[in-house]
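Have a look at the structure below before the remarks.
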Amino acid sequence: MKTTFLDFEQPIAELEAKIEELRFVQDDSAVDISEEISRLETKSQAQTKDLYAKLTPWQIAQVARHPQRPYTLDYVEHMFSDFQELHGDRSFADDHAIVGGMARFNGQSCMVIGHQKGRDTKEKIHRNFGMPRPEGYRKALRLMKLAEKFSMPVFTFVDTPGAYPGIGAEERGQSEAIGHNLFVMASLKVPIISTVIGEGGSGGALAIAVTDQLHMLQYSTYSVISPEGCASILWKSADQASVAAETMGITAARLKALGLIDKIVNEPVGGAHRNHRAMAQTLKRALADSLRQVADLNPMELVEQRQARLMSYGKFKEVAN
Amino acid sequence: MSWLQKLLPPKIKRDDSAARKSIPEGLWSKCPACEAVLYRSDLESNHSVCPKCSHHQRIRARERLNLLLDPEGRFEIGADVTPMDLLKFKDSKRYPDRLKAAARETGEQDAMVVLQGAILSVPVVVACFEFDFLGGSMGSVVGERFVRGVHAAIEQRVPFICITATGGARMQEGLFSLMQMAKTTAAINQLAVRKLPFISILTDPTMGGVSASFAFMGDVVVAEPNALIGFAGPRVIEQTVREKLPEGFQRAEFLLEKGAIDMIVDRREMRRRLADLMTLLTRQPATNA
């Protein structure tokens, strides 16, 4: 697969193009240029590493939305076995923007639920760009209750621009669907372990991420509103998205510092999209760790701990009146 | 525009509109729906509902609580919880300056007032959003006051009521605001486990992160007439789907028709209806008050 380069990656793109060119002529070449190629490859690696070491929040938002970034089903393929996809909310439809089903994680039965985006235009439309409608959240809820019934841990993968703002979605109760998930997840009697793998877009993300352990991939984002949305409301211009991204604090590093997430999972050099398999392996280790941390709690302790965590969210002053 | 208006020189039109606006502030008020000119004290004694067309105007949190709760035995919860600027957030204004301006305008420290008291002698804890404080947006303080209200209801073993009037989550507190959705809804879950009633009253407007968290988790979900209620704002939806929104879309009557809410209650009957709902839910005899 040929890597798609983002705007700020142009220097790397040029280097890679040159390497490609040299490789092409190498076969017909009388002189040995393999040394030159490997020199350029090292340079490209170093440059990528440098560039990714100091990405701005807005650049990170671009990486989080990279068209080649691994999506939920990619992680399912690399981290789980025996995946049995389960469909539908039993009352209206099957929403393709959320996928879910049973699988084995290191041999143990579990439930997997995640937002799903599409790669090509056709699939993007099929997946509604990863923006679920109420039936998607209701499917997720049904699967969580199923997991609770059969004592399976739930793994969720967050990757959505947000819940879909459409006429039908409103008519069928988008608000209620999201709220109901938050309500039920607050006391679900099995472990819930969530990972933001790309975009964590607002309530549409939170609706599958009320959790015992919250991970974020290094170049993922999680925010109350998209940087563009925030900019267009507060700055009256979507062009200020980069400023909004900076101010809102949407990156894994910033949110870890603010105490809102548990763990940052490092990505391969140059981002998860350059090596799906390596990314999945790192994440799998992190998830196994997290699962071990909550495995010994009985259901009551688990729920108590989750609720204590939920109640602790927020920062305010207390002044005596 | 009629042919007569077209003939009139623009200067005269301007004078005309200026004259209409110059009705003295405070004494008279014009209904935004039917344009009837109303004597302000008449409007207030009618719970800020237009006596001509029954349009429910937005009202301030304390005014609403005054209308709802019995005068005696009120006790405020969480007033000592006040906001802070943890992200050093700045758009065209600094967040602390916005907070200060909102406090000056409303006399409140944040967008929620919680009172413990009674409605027609039925003890209750009521949380009410203040829309005039940064659009009634939910940040850390709103979340914390809400939770303290719920916990007070649990301690006293009384029902909890929340009246929403909000644009949604508060952007200036970033992800902390989003997490208030999970926090408030978890508190409602704690209330539910103890079999204490939660009545959710949706007023104009109830949108975004508040709508999509506890607002629809009421044992009974009530709305005021014509209130705008929804997840995404009408403008956002229009831009996304690029078609005209149906008549009455996201209004209380529309939601009732779609099965999203239990009932629409006129503000002037709210006190009576809430007392009835609470006594029914807790299997108490009806109040005679």
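Just so we're on the same page: first chain in the structure tokens is A, next is B, and so on; residues restart at 1 for each chain, and ligands are numbered from 1 in the order they show up.
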Would you tabulate, counting only C-alpha atoms, all residues of range 131-230 of chain B that have an atom at most 12 Å from an atom of range 241-245 of chain A, showing the closest pair of atoms and their distance in Å to one decimal, sorted by chain then ascending number, as JSON lines?
```
{"residue": "B:Met171", "atom": "CA", "partner": "A:Ala244", "partner_atom": "CA", "distance": 10.0}
{"residue": "B:Gln172", "atom": "CA", "partner": "A:Ala244", "partner_atom": "CA", "distance": 10.1}
{"residue": "B:Gly174", "atom": "CA", "partner": "A:Ala245", "partner_atom": "CA", "distance": 10.0}
{"residue": "B:Leu175", "atom": "CA", "partner": "A:Ala245", "partner_atom": "CA", "distance": 11.9}
```
How about saving the chosen residues, all heavy atoms kept, as a PDB file, in the first residue's frame?
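Okay, out.pdb is ready:
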```
ATOM      1  N   MET B 171     -17.845  24.540  25.850  1.00  0.00           N
ATOM      2  CA  MET B 171     -16.608  24.348  25.082  1.00  0.00           C
ATOM      3  C   MET B 171     -15.354  24.801  25.818  1.00  0.00           C
ATOM      4  O   MET B 171     -14.293  24.228  25.669  1.00  0.00           O
ATOM      5  CB  MET B 171     -16.720  25.103  23.762  1.00  0.00           C
ATOM      6  CG  MET B 171     -17.597  24.423  22.761  1.00  0.00           C
ATOM      7  SD  MET B 171     -17.768  25.424  21.287  1.00  0.00           S
ATOM      8  CE  MET B 171     -18.927  26.649  21.829  1.00  0.00           C
ATOM      9  N   GLN B 172     -15.503  25.857  26.623  1.00  0.00           N
ATOM     10  CA  GLN B 172     -14.319  26.440  27.273  1.00  0.00           C
ATOM     11  C   GLN B 172     -13.702  25.522  28.316  1.00  0.00           C
ATOM     12  O   GLN B 172     -12.606  25.807  28.804  1.00  0.00           O
ATOM     13  CB  GLN B 172     -14.674  27.785  27.928  1.00  0.00           C
ATOM     14  CG  GLN B 172     -14.959  28.898  26.945  1.00  0.00           C
ATOM     15  CD  GLN B 172     -16.432  28.952  26.543  1.00  0.00           C
ATOM     16  OE1 GLN B 172     -17.188  28.012  26.778  1.00  0.00           O
ATOM     17  NE2 GLN B 172     -16.836  30.041  25.922  1.00  0.00           N
ATOM     18  N   GLY B 174     -13.408  22.211  27.604  1.00  0.00           N
ATOM     19  CA  GLY B 174     -12.916  21.078  26.822  1.00  0.00           C
ATOM     20  C   GLY B 174     -13.513  19.746  27.241  1.00  0.00           C
ATOM     21  O   GLY B 174     -14.712  19.629  27.491  1.00  0.00           O
ATOM     22  N   LEU B 175     -12.635  18.739  27.345  1.00  0.00           N
ATOM     23  CA  LEU B 175     -13.106  17.381  27.615  1.00  0.00           C
ATOM     24  C   LEU B 175     -13.717  17.234  29.012  1.00  0.00           C
ATOM     25  O   LEU B 175     -14.521  16.338  29.243  1.00  0.00           O
ATOM     26  CB  LEU B 175     -11.965  16.378  27.423  1.00  0.00           C
ATOM     27  CG  LEU B 175     -12.424  14.951  27.157  1.00  0.00           C
ATOM     28  CD1 LEU B 175     -13.086  14.839  25.798  1.00  0.00           C
ATOM     29  CD2 LEU B 175     -11.268  13.967  27.245  1.00  0.00           C
TER      30      LEU B 175
END
```
Proximal residues of chain A relative to chain B (only C-alpha atoms; 8 Å) as a PyMOL selection string: chain A and resi 165-167+170-180+182-184+186-187+202-203+206+210+222-225+230+234-235+244+247-250+260+307+310-311+313-321
Could you give me, as an mmCIF file with N, CA, C and O atoms, in the first residue's frame, the residues within 9 Å of Thr106 in chain B, counting only C-alpha atoms and dropping anything in the same chain fewer than 2 positions from it?
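What follows is the written file out.cif:
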```cif
data_model
loop_
_atom_site.group_PDB
_atom_site.id
_atom_site.type_symbol
_atom_site.label_atom_id
_atom_site.label_comp_id
_atom_site.auth_asym_id
_atom_site.auth_seq_id
_atom_site.Cartn_x
_atom_site.Cartn_y
_atom_site.Cartn_z
ATOM 1 N N ARG B 60 -35.733 33.107 33.985
ATOM 2 C CA ARG B 60 -34.508 32.895 34.750
ATOM 3 C C ARG B 60 -34.704 31.748 35.749
ATOM 4 O O ARG B 60 -35.813 31.475 36.201
ATOM 5 N N ALA B 101 -18.378 38.350 33.233
ATOM 6 C CA ALA B 101 -19.454 39.082 32.566
ATOM 7 C C ALA B 101 -20.796 38.384 32.802
ATOM 8 O O ALA B 101 -21.801 39.033 33.097
ATOM 9 N N ALA B 102 -20.786 37.056 32.693
ATOM 10 C CA ALA B 102 -22.021 36.295 32.893
ATOM 11 C C ALA B 102 -22.509 36.434 34.336
ATOM 12 O O ALA B 102 -23.706 36.545 34.592
ATOM 13 N N ALA B 103 -21.576 36.441 35.281
ATOM 14 C CA ALA B 103 -21.935 36.575 36.689
ATOM 15 C C ALA B 103 -22.553 37.957 36.935
ATOM 16 O O ALA B 103 -23.539 38.091 37.656
ATOM 17 N N ARG B 104 -21.960 38.975 36.292
ATOM 18 C CA ARG B 104 -22.477 40.332 36.450
ATOM 19 C C ARG B 104 -23.908 40.416 35.893
ATOM 20 O O ARG B 104 -24.796 40.998 36.497
ATOM 21 N N GLU B 108 -25.474 35.060 39.073
ATOM 22 C CA GLU B 108 -25.156 33.667 39.420
ATOM 23 C C GLU B 108 -23.665 33.414 39.183
ATOM 24 O O GLU B 108 -23.029 34.120 38.410
ATOM 25 N N GLN B 109 -23.145 32.387 39.858
ATOM 26 C CA GLN B 109 -21.731 32.036 39.667
ATOM 27 C C GLN B 109 -21.547 31.011 38.546
ATOM 28 O O GLN B 109 -20.459 30.822 38.029
ATOM 29 N N GLU B 130 -29.596 27.819 34.301
ATOM 30 C CA GLU B 130 -29.737 29.255 34.042
ATOM 31 C C GLU B 130 -29.232 29.520 32.620
ATOM 32 O O GLU B 130 -28.025 29.580 32.375
ATOM 33 N N ASP B 132 -29.293 32.154 30.821
ATOM 34 C CA ASP B 132 -28.609 33.429 30.598
ATOM 35 C C ASP B 132 -27.145 33.409 31.014
ATOM 36 O O ASP B 132 -26.403 34.342 30.742
ATOM 37 N N PHE B 133 -26.716 32.348 31.680
ATOM 38 C CA PHE B 133 -25.311 32.217 32.042
ATOM 39 C C PHE B 133 -24.626 31.355 30.984
ATOM 40 O O PHE B 133 -24.757 30.128 30.967
#
```
Those in range 150-244 of chain B with alpha helix (DSSP H) from DSSP, as a ChimeraX atom specification: /B:150-156,174-193,208-211,234-241
Those in range 61-177 of chain A with strand (DSSP E or B) from DSSP, as an MDAnalysis selection string: chainID A and resid 81:85 98:105 108:115 154:160
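For the residues A:Glu41, A:Asp74, A:Asp94, A:Asp32, ranking by smallest atom-to-atom distance to Ala17 in chain A using only C-alpha atoms places A:Glu41 first.
Among the candidates A:Leu291, A:Ala169, A:Ala252, A:Val265, the one nearest to Ala93 in chain A when counting only C-alpha atoms is A:Ala169.
Considering only C-alpha atoms, the residue among B:Gly107, B:Gly149, B:Gly117, B:Pro159 positioned nearest to Met278 in chain B is B:Pro159.
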From B:Gly218, B:Gly136, B:Pro225, B:Pro205, residue lying nearest Met270 in chain B [only C-alpha atoms]: B:Pro225
Exercise: range 33-47 of chain B partners within 9 Å, only C-alpha atoms, chain neighbours under 4 positions left out, as a list in words: Gly26, Leu27, Trp28, Ser29, Pro51, Lys52, Cys53, His55, His56, Gln57, Ile59, Glu63, Arg64, Leu67, Arg267 and Arg268 of chain B
